[in-house]
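Chemist: Next up, data_19.txt (compact mmCIF, C-alpha atoms).
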# COMPACT_ATOMS: atom_id res chain seq x y z
CA MET A 1 5.70 9.33 -15.36
CA ARG A 2 4.58 6.37 -17.43
CA ARG A 3 7.56 4.24 -18.37
CA SER A 4 6.47 1.06 -20.01
CA VAL A 5 3.69 -1.47 -20.28
CA VAL A 6 4.61 -5.00 -19.34
CA PRO A 7 2.24 -7.80 -20.40
CA PHE A 8 1.63 -9.77 -17.29
CA ALA A 9 -1.52 -11.50 -16.10
CA PHE A 10 -1.94 -11.53 -12.36
CA ALA A 11 -4.99 -11.82 -10.15
CA ALA A 12 -4.60 -10.84 -6.54
CA TRP A 13 -7.54 -12.33 -4.69
CA VAL A 14 -8.65 -11.33 -1.26
CA LEU A 15 -9.89 -14.58 0.24
CA LEU A 16 -11.17 -14.78 3.76
CA LEU A 17 -10.73 -17.46 6.37
CA LEU A 18 -13.74 -19.19 7.82
CA GLU A 19 -13.43 -19.88 11.50
CA PRO A 20 -12.25 -22.28 12.68
CA CYS A 21 -10.35 -23.22 9.50
CA ALA A 22 -6.86 -22.17 10.54
CA ALA A 23 -4.89 -23.00 7.42
CA ARG A 24 -7.10 -21.38 4.76
CA ALA A 25 -5.67 -18.15 3.40
CA ALA A 26 -6.59 -14.59 2.77
CA ALA A 27 -5.41 -13.99 -0.76
CA CYS A 28 -6.48 -10.69 -2.28
CA CYS A 29 -5.74 -11.15 -3.19
CA LEU A 30 18.21 12.28 -0.05
CA GLU A 31 17.85 14.35 -0.05
CA GLU A 32 21.48 14.37 1.04
CA VAL A 33 22.71 16.93 3.53
CA ALA A 34 25.74 18.22 1.68
CA LEU A 35 28.90 19.07 3.59
CA ARG A 36 31.47 21.43 2.15
CA SER A 37 35.09 21.25 3.35
CA THR A 38 37.02 24.49 3.25
CA ALA A 39 40.78 24.42 3.80
CA LEU A 40 41.96 27.28 6.01
CA PHE A 41 45.72 27.70 5.94
CA ASP A 42 47.46 29.07 9.03
CA GLU A 43 51.26 28.89 9.11
CA GLY A 44 51.28 25.73 7.01
CA ARG A 45 48.44 23.95 8.91
CA ALA A 46 45.38 22.84 7.00
CA GLU A 47 42.15 22.74 8.96
CA ALA A 48 38.88 21.41 7.48
CA VAL A 49 35.67 23.16 8.40
CA GLU A 50 32.38 21.42 7.67
CA VAL A 51 29.57 23.70 6.64
CA ALA A 52 26.12 22.11 6.56
CA ALA A 53 23.79 22.96 3.72
CA PRO A 54 20.52 24.70 4.60
CA PRO A 55 17.95 22.23 5.95
CA ALA A 56 15.70 20.71 3.33
CA ALA A 57 12.15 21.95 3.10
CA PRO A 58 9.70 19.54 4.74
CA ALA A 59 7.95 17.15 2.39
CA PRO A 60 4.41 18.25 1.51
CA ALA A 61 1.63 16.55 3.40
CA PRO A 62 -0.02 13.69 1.45
CA THR A 63 -3.22 14.80 -0.22
CA PRO A 64 -6.39 12.68 -0.25
CA LEU A 65 -8.60 12.21 -3.28
CA ASP A 66 -11.73 14.29 -3.60
CA LEU A 67 -14.38 11.93 -2.26
CA SER A 68 -17.18 14.04 -3.74
CA SER A 69 -15.98 13.31 -7.28
CA GLY A 70 -17.42 9.79 -7.35
CA GLN A 71 -14.12 8.20 -8.37
CA VAL A 72 -13.67 6.16 -5.16
CA ALA A 73 -15.37 2.75 -5.01
CA ASP A 74 -15.59 2.55 -1.19
CA LYS A 75 -15.25 5.95 0.45
CA SER A 76 -15.14 4.84 4.08
CA SER A 77 -12.42 2.24 3.46
CA TYR A 78 -10.46 4.69 1.34
CA SER A 79 -10.57 7.21 4.20
CA ASP A 80 -9.41 4.59 6.69
CA VAL A 81 -6.42 3.57 4.57
CA PHE A 82 -5.50 7.19 3.90
CA ARG A 83 -5.58 7.82 7.65
CA VAL A 84 -3.24 4.85 8.21
CA LEU A 85 -0.75 5.95 5.55
CA LYS A 86 -0.66 9.75 5.79
CA ASP A 87 1.59 9.97 8.87
CA GLU A 88 5.00 8.60 9.77
CA ASN A 89 4.46 5.22 11.40
CA ALA A 90 5.56 1.61 11.00
CA CYS A 91 2.84 0.94 8.44
CA SER A 92 3.54 3.88 6.13
CA GLN A 93 7.28 3.21 6.37
CA PHE A 94 6.75 -0.36 5.18
CA PHE A 95 5.22 1.12 2.02
CA GLY A 96 8.07 3.62 1.48
CA GLY A 97 6.91 6.53 3.62
CA PRO A 98 3.69 8.57 3.71
CA GLN A 99 4.21 10.51 0.47
CA SER A 100 5.10 7.45 -1.62
CA ALA A 101 2.47 5.24 -0.02
CA VAL A 102 -0.38 7.70 -0.52
CA THR A 103 0.70 8.49 -4.09
CA VAL A 104 0.48 4.84 -5.12
CA PHE A 105 -2.64 4.17 -3.07
CA ASN A 106 -4.41 7.10 -4.74
CA GLN A 107 -3.50 5.72 -8.17
CA PHE A 108 -4.85 2.31 -7.19
CA ALA A 109 -8.02 3.78 -5.65
CA ARG A 110 -8.75 5.76 -8.84
CA ARG A 111 -8.66 2.53 -10.84
CA LEU A 112 -10.71 0.41 -8.40
CA ARG A 113 -14.23 -0.26 -9.66
CA LEU A 114 -17.27 -2.04 -8.25
CA LYS A 115 -17.95 -5.36 -9.96
CA ARG A 116 -20.09 -8.42 -9.34
CA LEU A 117 -17.70 -11.34 -8.86
CA GLY A 118 -20.04 -13.76 -7.10
CA ALA A 119 -21.27 -14.24 -3.56
CA ASN A 120 -18.08 -15.67 -2.15
CA SER A 121 -15.07 -14.70 -0.06
CA VAL A 122 -13.37 -12.70 -2.82
CA GLY A 123 -12.99 -9.05 -1.83
CA VAL A 124 -10.60 -7.44 -4.32
CA VAL A 125 -9.14 -8.58 -7.65
CA MET A 126 -6.30 -7.02 -9.68
CA SER A 127 -5.79 -8.48 -13.15
CA GLY A 128 -4.60 -7.91 -16.69
CA ASP A 129 -1.47 -6.14 -17.88
CA TYR A 130 0.20 -3.55 -15.70
CA THR A 131 1.98 -0.27 -16.32
CA LEU A 132 5.23 0.62 -14.57
CA TYR A 133 5.65 4.10 -13.12
CA GLN A 134 8.32 6.03 -11.27
CA ASP A 135 7.31 8.96 -9.09
CA MET A 136 9.74 11.77 -9.91
CA LYS A 137 9.20 13.45 -6.52
CA THR A 138 9.94 10.41 -4.39
CA GLY A 139 11.81 8.11 -6.77
CA GLN A 140 9.34 5.34 -5.90
CA SER A 141 8.78 2.64 -8.54
CA TYR A 142 5.35 1.04 -8.69
CA ARG A 143 2.86 -0.59 -11.02
CA ILE A 144 -0.84 -0.20 -11.70
CA PHE A 145 -2.91 -3.03 -13.16
CA ASP A 146 -5.34 -2.47 -16.01
CA GLU A 147 -8.21 -3.80 -13.93
CA SER A 148 -8.86 -3.54 -10.21
CA SER A 149 -12.24 -4.67 -8.97
CA LEU A 150 -14.02 -4.57 -5.64
CA ASN A 151 -16.51 -7.42 -5.41
CA THR A 152 -19.97 -6.04 -4.68
CA GLU A 153 -21.08 -9.51 -3.58
CA GLY A 154 -18.03 -10.09 -1.38
CA PRO A 155 -16.97 -9.07 2.13
CA PHE A 156 -16.86 -5.33 1.44
CA ARG A 157 -20.60 -5.27 0.89
CA ARG A 158 -22.03 -8.42 2.44
CA LYS A 159 -23.27 -8.36 6.01
CA ASP A 160 -23.11 -12.12 6.68
CA THR A 161 -19.32 -12.20 7.18
CA ALA A 162 -19.11 -12.53 10.96
CA ARG A 163 -17.31 -15.89 10.74
CA MET A 164 -14.88 -14.79 8.04
CA ARG A 165 -11.48 -13.29 8.86
CA VAL A 166 -8.81 -11.22 7.15
CA GLY A 167 -5.58 -11.83 9.01
CA GLY A 168 -6.41 -11.37 12.68
CA PHE A 169 -9.57 -9.32 12.09
CA PRO A 170 -13.22 -10.32 11.56
CA ALA A 171 -14.16 -9.58 7.96
CA ASP A 172 -17.03 -7.25 8.86
CA THR A 173 -14.70 -4.69 10.50
CA ARG A 174 -13.02 -1.51 9.29
CA GLN A 175 -9.66 -3.08 10.05
CA ALA A 176 -10.30 -6.08 7.77
CA ARG A 177 -11.41 -3.94 4.83
CA ALA A 178 -8.42 -1.63 5.22
CA LEU A 179 -6.08 -4.62 5.50
CA MET A 180 -7.43 -6.03 2.24
CA LEU A 181 -6.57 -2.79 0.45
CA LEU A 182 -3.16 -2.55 2.12
CA HIS A 183 -2.43 -6.13 0.99
CA GLU A 184 -3.12 -5.05 -2.60
CA LEU A 185 -0.89 -2.00 -2.15
CA GLY A 186 1.98 -4.30 -1.21
CA HIS A 187 1.73 -5.97 -4.62
CA LEU A 188 2.14 -2.59 -6.36
CA ILE A 189 5.22 -1.06 -4.70
CA LYS A 190 8.86 -2.01 -5.19
CA GLY A 191 11.10 -2.22 -2.16
CA LYS A 192 14.70 -1.02 -1.93
CA ASP A 193 15.88 -4.43 -3.12
CA GLY A 194 14.03 -3.97 -6.42
CA ARG A 195 11.40 -6.62 -5.65
CA TRP A 196 7.71 -6.09 -4.98
CA LEU A 197 7.00 -5.65 -1.29
CA LEU A 198 4.66 -8.64 -1.49
CA PRO A 199 5.32 -11.44 -3.99
CA ASN A 200 2.56 -12.40 -6.42
CA ASP A 201 0.18 -14.79 -4.67
CA GLY A 202 -2.67 -15.37 -7.12
CA GLY A 203 -3.77 -18.97 -6.74
CA ASP A 204 -1.47 -19.61 -3.77
CA ALA A 205 -3.60 -19.46 -0.63
CA VAL A 206 -0.73 -20.17 1.75
CA LEU A 207 1.48 -17.41 0.31
CA SER A 208 -1.44 -14.99 0.27
CA GLU A 209 -2.12 -15.56 3.95
CA SER A 210 1.59 -15.06 4.64
CA ASN A 211 1.45 -11.77 2.71
CA THR A 212 -1.57 -10.63 4.70
CA ARG A 213 0.20 -11.43 7.96
CA GLU A 214 3.29 -9.55 6.78
CA VAL A 215 1.27 -6.38 6.19
CA GLU A 216 -0.58 -6.83 9.47
CA SER A 217 2.70 -7.14 11.38
CA HIS A 218 3.61 -3.60 10.30
CA CYS A 219 0.14 -2.06 10.34
CA ARG A 220 -1.78 -3.67 13.22
CA ALA A 221 -1.31 -0.79 15.68
CA THR A 222 -2.51 1.85 13.22
CA LEU A 223 -5.39 -0.36 12.10
CA LEU A 224 -6.55 -0.83 15.68
CA ALA A 225 -6.44 2.96 16.12
CA LEU A 226 -9.16 3.36 13.48
CA ASP A 227 -11.76 2.77 16.20
CA ASN A 228 -10.48 5.74 18.23
Spell out the structure here as structure tokens.

Modeler:
Amino acid sequence: MRRSVVPFAFAAWVLLLLEPCAARAAACCLEEVALRSTALFDEGRAEAVEVAAPPAAPAPAPTPLDLSSGQVADKSSYSDVFRVLKDENACSQFFGGPQSAVTVFNQFARRLRLKRLGANSVGVVMSGDYTLYQDMKTGQSYRIFDESSLNTEGPFRRKDTARMRVGGFPADTRQARALMLLHELGHLIKGKDGRWLLPNDGGDAVLSESNTREVESHCRATLLALDN
């Protein structure tokens, strides 16, 4: 459900570290179980009996986008991130659980477009105004930027990236490309405290690297499993 449009300019840059430059940054940038108490009176004694409500139906499995429709900018990376997020694990839980995470990621992936941004270390850019949404099924609040671009001359497409790194991964790996997209996802989702999971880091290389490492700390195991 679209709630409001908030004018806000923000560019999340995915920058990549060149080995051995250690300090340069990667900037991309209840259901409640109800209990009913029934008072049973026996010779003046009241006794409470708790009756559990029927178990809730399991949440539907997250659904991927149709990759044959041509709406996904990088199909292989999309598939890798969907694989990371679709199941219960530390990574999907960081993003609010599989259903919420995939819902927002699908919205982001639909908006992501290929664009020439120069032969440099920029991988993904989100910019312009953003629209706030709240998923009525999950209650998750998130935002989607007007423009999301995947640099066709950057690390997603270039082959000469062996010395570049995204977090702890070489830039020319599946893990690095997935981590770039997961970093962007962290800028879109609100946590339980009402703040974005990752603070805005456009133009702040140190904060961007810290954000990348934060995502990697939750997602490293599932990213490594992509090679299996």

Chemist: Would you mind telling me which residue in A:Met180, A:Val84, A:Met136, A:Val72 lies nearest to A:Phe156 when using all atoms listed in the file?

Modeler: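 Checking each candidate against A:Phe156, we get A:Met180 as the closest.
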
Chemist: Skipping near chain neighbours, those fewer than 5 positions away, what residues fall within 7 Å of A:Ile189 using only C-alpha atoms, listed as a list of chain:residue names?

Modeler: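 Final neighbour list, sorted by chain and number: A:Ser141, A:Tyr142, A:Arg143, A:Trp196, A:Leu197.
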
Chemist: Skip A:Phe145 itself and residues of its chain fewer than 2 positions away, then list as a list of chain:residue names all residues within 8 Å of it, counting all atoms listed in the file.

Modeler: A:Met126, A:Ser127, A:Gly128, A:Asp129, A:Tyr130, A:Thr131, A:Arg143, A:Glu147, A:Ser148

Chemist: Measuring between all atoms listed in the file, which one of A:Ala61, A:Ile144, A:Ala178, A:Ala73 shows the shortest distance to A:Gly97?

Modeler: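 Looking at the shortest contact to A:Gly97, the residue is A:Ala61.
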
Chemist: To one decimal place, how far is atom CA of A:Gln99 from atom CA of A:Thr173 in Å?

Modeler: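 Distance reported for this atom pair: 26.3 Å.
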
Chemist: Using Å and a single decimal, report how far atom CA of A:Ser210 sits from atom CA of A:Leu198.

Modeler: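 So the answer is 9.4 Å.
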
Chemist: For A:Asn228, which residue out of A:Glu209, A:Arg174, A:Leu65, A:Leu114 is the nearest one, using only C-alpha atoms?

Modeler: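 Going through A:Glu209, A:Arg174, A:Leu65, A:Leu114 one by one, the smallest distance to A:Asn228 is for A:Arg174.
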
Chemist: One decimal, in Å: what's the spacing between atom CA of A:Ser149 and atom CA of A:Gln71?

Modeler: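 Value for the atom CA of A:Ser149-atom CA of A:Gln71 distance: 13.0 Å.
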
Chemist: Please rebuild stretch 191-220 of chain A with N, CA and C atoms and give the result as a PDB file, in the coordinates of the input.

Modeler:
ATOM      1  N   GLY A 191      10.273  -2.527  -3.307  1.00  0.00           N
ATOM      2  CA  GLY A 191      11.100  -2.220  -2.160  1.00  0.00           C
ATOM      3  C   GLY A 191      12.494  -1.769  -2.590  1.00  0.00           C
ATOM      4  N   LYS A 192      13.350  -1.483  -1.632  1.00  0.00           N
ATOM      5  CA  LYS A 192      14.700  -1.020  -1.930  1.00  0.00           C
ATOM      6  C   LYS A 192      15.528  -2.081  -2.630  1.00  0.00           C
ATOM      7  N   ASP A 193      15.144  -3.344  -2.471  1.00  0.00           N
ATOM      8  CA  ASP A 193      15.880  -4.430  -3.120  1.00  0.00           C
ATOM      9  C   ASP A 193      15.427  -4.669  -4.554  1.00  0.00           C
ATOM     10  N   GLY A 194      14.501  -3.844  -5.046  1.00  0.00           N
ATOM     11  CA  GLY A 194      14.030  -3.970  -6.420  1.00  0.00           C
ATOM     12  C   GLY A 194      12.929  -4.983  -6.617  1.00  0.00           C
ATOM     13  N   ARG A 195      12.495  -5.653  -5.550  1.00  0.00           N
ATOM     14  CA  ARG A 195      11.400  -6.620  -5.650  1.00  0.00           C
ATOM     15  C   ARG A 195      10.120  -6.013  -5.096  1.00  0.00           C
ATOM     16  N   TRP A 196       8.987  -6.559  -5.522  1.00  0.00           N
ATOM     17  CA  TRP A 196       7.710  -6.090  -4.980  1.00  0.00           C
ATOM     18  C   TRP A 196       7.672  -6.375  -3.493  1.00  0.00           C
ATOM     19  N   LEU A 197       7.072  -5.466  -2.736  1.00  0.00           N
ATOM     20  CA  LEU A 197       7.000  -5.650  -1.290  1.00  0.00           C
ATOM     21  C   LEU A 197       6.346  -6.978  -0.936  1.00  0.00           C
ATOM     22  N   LEU A 198       5.311  -7.337  -1.668  1.00  0.00           N
ATOM     23  CA  LEU A 198       4.660  -8.640  -1.490  1.00  0.00           C
ATOM     24  C   LEU A 198       4.756  -9.407  -2.797  1.00  0.00           C
ATOM     25  N   PRO A 199       5.242 -10.647  -2.765  1.00  0.00           N
ATOM     26  CA  PRO A 199       5.320 -11.440  -3.990  1.00  0.00           C
ATOM     27  C   PRO A 199       3.924 -11.795  -4.506  1.00  0.00           C
ATOM     28  N   ASN A 200       3.831 -12.016  -5.810  1.00  0.00           N
ATOM     29  CA  ASN A 200       2.560 -12.400  -6.420  1.00  0.00           C
ATOM     30  C   ASN A 200       2.022 -13.659  -5.749  1.00  0.00           C
ATOM     31  N   ASP A 201       0.742 -13.647  -5.393  1.00  0.00           N
ATOM     32  CA  ASP A 201       0.180 -14.790  -4.670  1.00  0.00           C
ATOM     33  C   ASP A 201      -1.119 -15.299  -5.264  1.00  0.00           C
ATOM     34  N   GLY A 202      -1.448 -14.884  -6.495  1.00  0.00           N
ATOM     35  CA  GLY A 202      -2.670 -15.370  -7.120  1.00  0.00           C
ATOM     36  C   GLY A 202      -2.671 -16.878  -7.230  1.00  0.00           C
ATOM     37  N   GLY A 203      -3.666 -17.523  -6.687  1.00  0.00           N
ATOM     38  CA  GLY A 203      -3.770 -18.970  -6.740  1.00  0.00           C
ATOM     39  C   GLY A 203      -2.993 -19.700  -5.662  1.00  0.00           C
ATOM     40  N   ASP A 204      -2.255 -18.977  -4.840  1.00  0.00           N
ATOM     41  CA  ASP A 204      -1.470 -19.610  -3.770  1.00  0.00           C
ATOM     42  C   ASP A 204      -1.998 -19.114  -2.433  1.00  0.00           C
ATOM     43  N   ALA A 205      -2.921 -19.881  -1.846  1.00  0.00           N
ATOM     44  CA  ALA A 205      -3.600 -19.460  -0.630  1.00  0.00           C
ATOM     45  C   ALA A 205      -2.640 -19.311   0.543  1.00  0.00           C
ATOM     46  N   VAL A 206      -1.665 -20.214   0.630  1.00  0.00           N
ATOM     47  CA  VAL A 206      -0.730 -20.170   1.750  1.00  0.00           C
ATOM     48  C   VAL A 206       0.142 -18.909   1.669  1.00  0.00           C
ATOM     49  N   LEU A 207       0.661 -18.609   0.476  1.00  0.00           N
ATOM     50  CA  LEU A 207       1.480 -17.410   0.310  1.00  0.00           C
ATOM     51  C   LEU A 207       0.665 -16.153   0.528  1.00  0.00           C
ATOM     52  N   SER A 208      -0.586 -16.165   0.079  1.00  0.00           N
ATOM     53  CA  SER A 208      -1.440 -14.990   0.270  1.00  0.00           C
ATOM     54  C   SER A 208      -1.679 -14.704   1.742  1.00  0.00           C
ATOM     55  N   GLU A 209      -1.932 -15.756   2.513  1.00  0.00           N
ATOM     56  CA  GLU A 209      -2.120 -15.560   3.950  1.00  0.00           C
ATOM     57  C   GLU A 209      -0.836 -15.035   4.579  1.00  0.00           C
ATOM     58  N   SER A 210       0.313 -15.544   4.132  1.00  0.00           N
ATOM     59  CA  SER A 210       1.590 -15.060   4.640  1.00  0.00           C
ATOM     60  C   SER A 210       1.768 -13.582   4.303  1.00  0.00           C
ATOM     61  N   ASN A 211       1.368 -13.186   3.104  1.00  0.00           N
ATOM     62  CA  ASN A 211       1.450 -11.770   2.710  1.00  0.00           C
ATOM     63  C   ASN A 211       0.559 -10.896   3.580  1.00  0.00           C
ATOM     64  N   THR A 212      -0.656 -11.385   3.835  1.00  0.00           N
ATOM     65  CA  THR A 212      -1.570 -10.630   4.700  1.00  0.00           C
ATOM     66  C   THR A 212      -0.979 -10.443   6.090  1.00  0.00           C
ATOM     67  N   ARG A 213      -0.401 -11.500   6.629  1.00  0.00           N
ATOM     68  CA  ARG A 213       0.200 -11.430   7.960  1.00  0.00           C
ATOM     69  C   ARG A 213       1.406 -10.497   7.974  1.00  0.00           C
ATOM     70  N   GLU A 214       2.154 -10.462   6.866  1.00  0.00           N
ATOM     71  CA  GLU A 214       3.290  -9.550   6.780  1.00  0.00           C
ATOM     72  C   GLU A 214       2.833  -8.094   6.876  1.00  0.00           C
ATOM     73  N   VAL A 215       1.804  -7.744   6.120  1.00  0.00           N
ATOM     74  CA  VAL A 215       1.270  -6.380   6.190  1.00  0.00           C
ATOM     75  C   VAL A 215       0.726  -6.097   7.585  1.00  0.00           C
ATOM     76  N   GLU A 216      -0.003  -7.028   8.146  1.00  0.00           N
ATOM     77  CA  GLU A 216      -0.580  -6.830   9.470  1.00  0.00           C
ATOM     78  C   GLU A 216       0.498  -6.615  10.528  1.00  0.00           C
ATOM     79  N   SER A 217       1.632  -7.289  10.387  1.00  0.00           N
ATOM     80  CA  SER A 217       2.700  -7.140  11.380  1.00  0.00           C
ATOM     81  C   SER A 217       3.237  -5.709  11.430  1.00  0.00           C
ATOM     82  N   HIS A 218       3.158  -4.995  10.333  1.00  0.00           N
ATOM     83  CA  HIS A 218       3.610  -3.600  10.300  1.00  0.00           C
ATOM     84  C   HIS A 218       2.478  -2.615  10.599  1.00  0.00           C
ATOM     85  N   CYS A 219       1.262  -3.018  10.341  1.00  0.00           N
ATOM     86  CA  CYS A 219       0.140  -2.060  10.340  1.00  0.00           C
ATOM     87  C   CYS A 219      -0.885  -2.299  11.448  1.00  0.00           C
ATOM     88  N   ARG A 220      -0.736  -3.320  12.248  1.00  0.00           N
ATOM     89  CA  ARG A 220      -1.780  -3.670  13.220  1.00  0.00           C
ATOM     90  C   ARG A 220      -2.087  -2.517  14.180  1.00  0.00           C
TER      91      ARG A 220
END
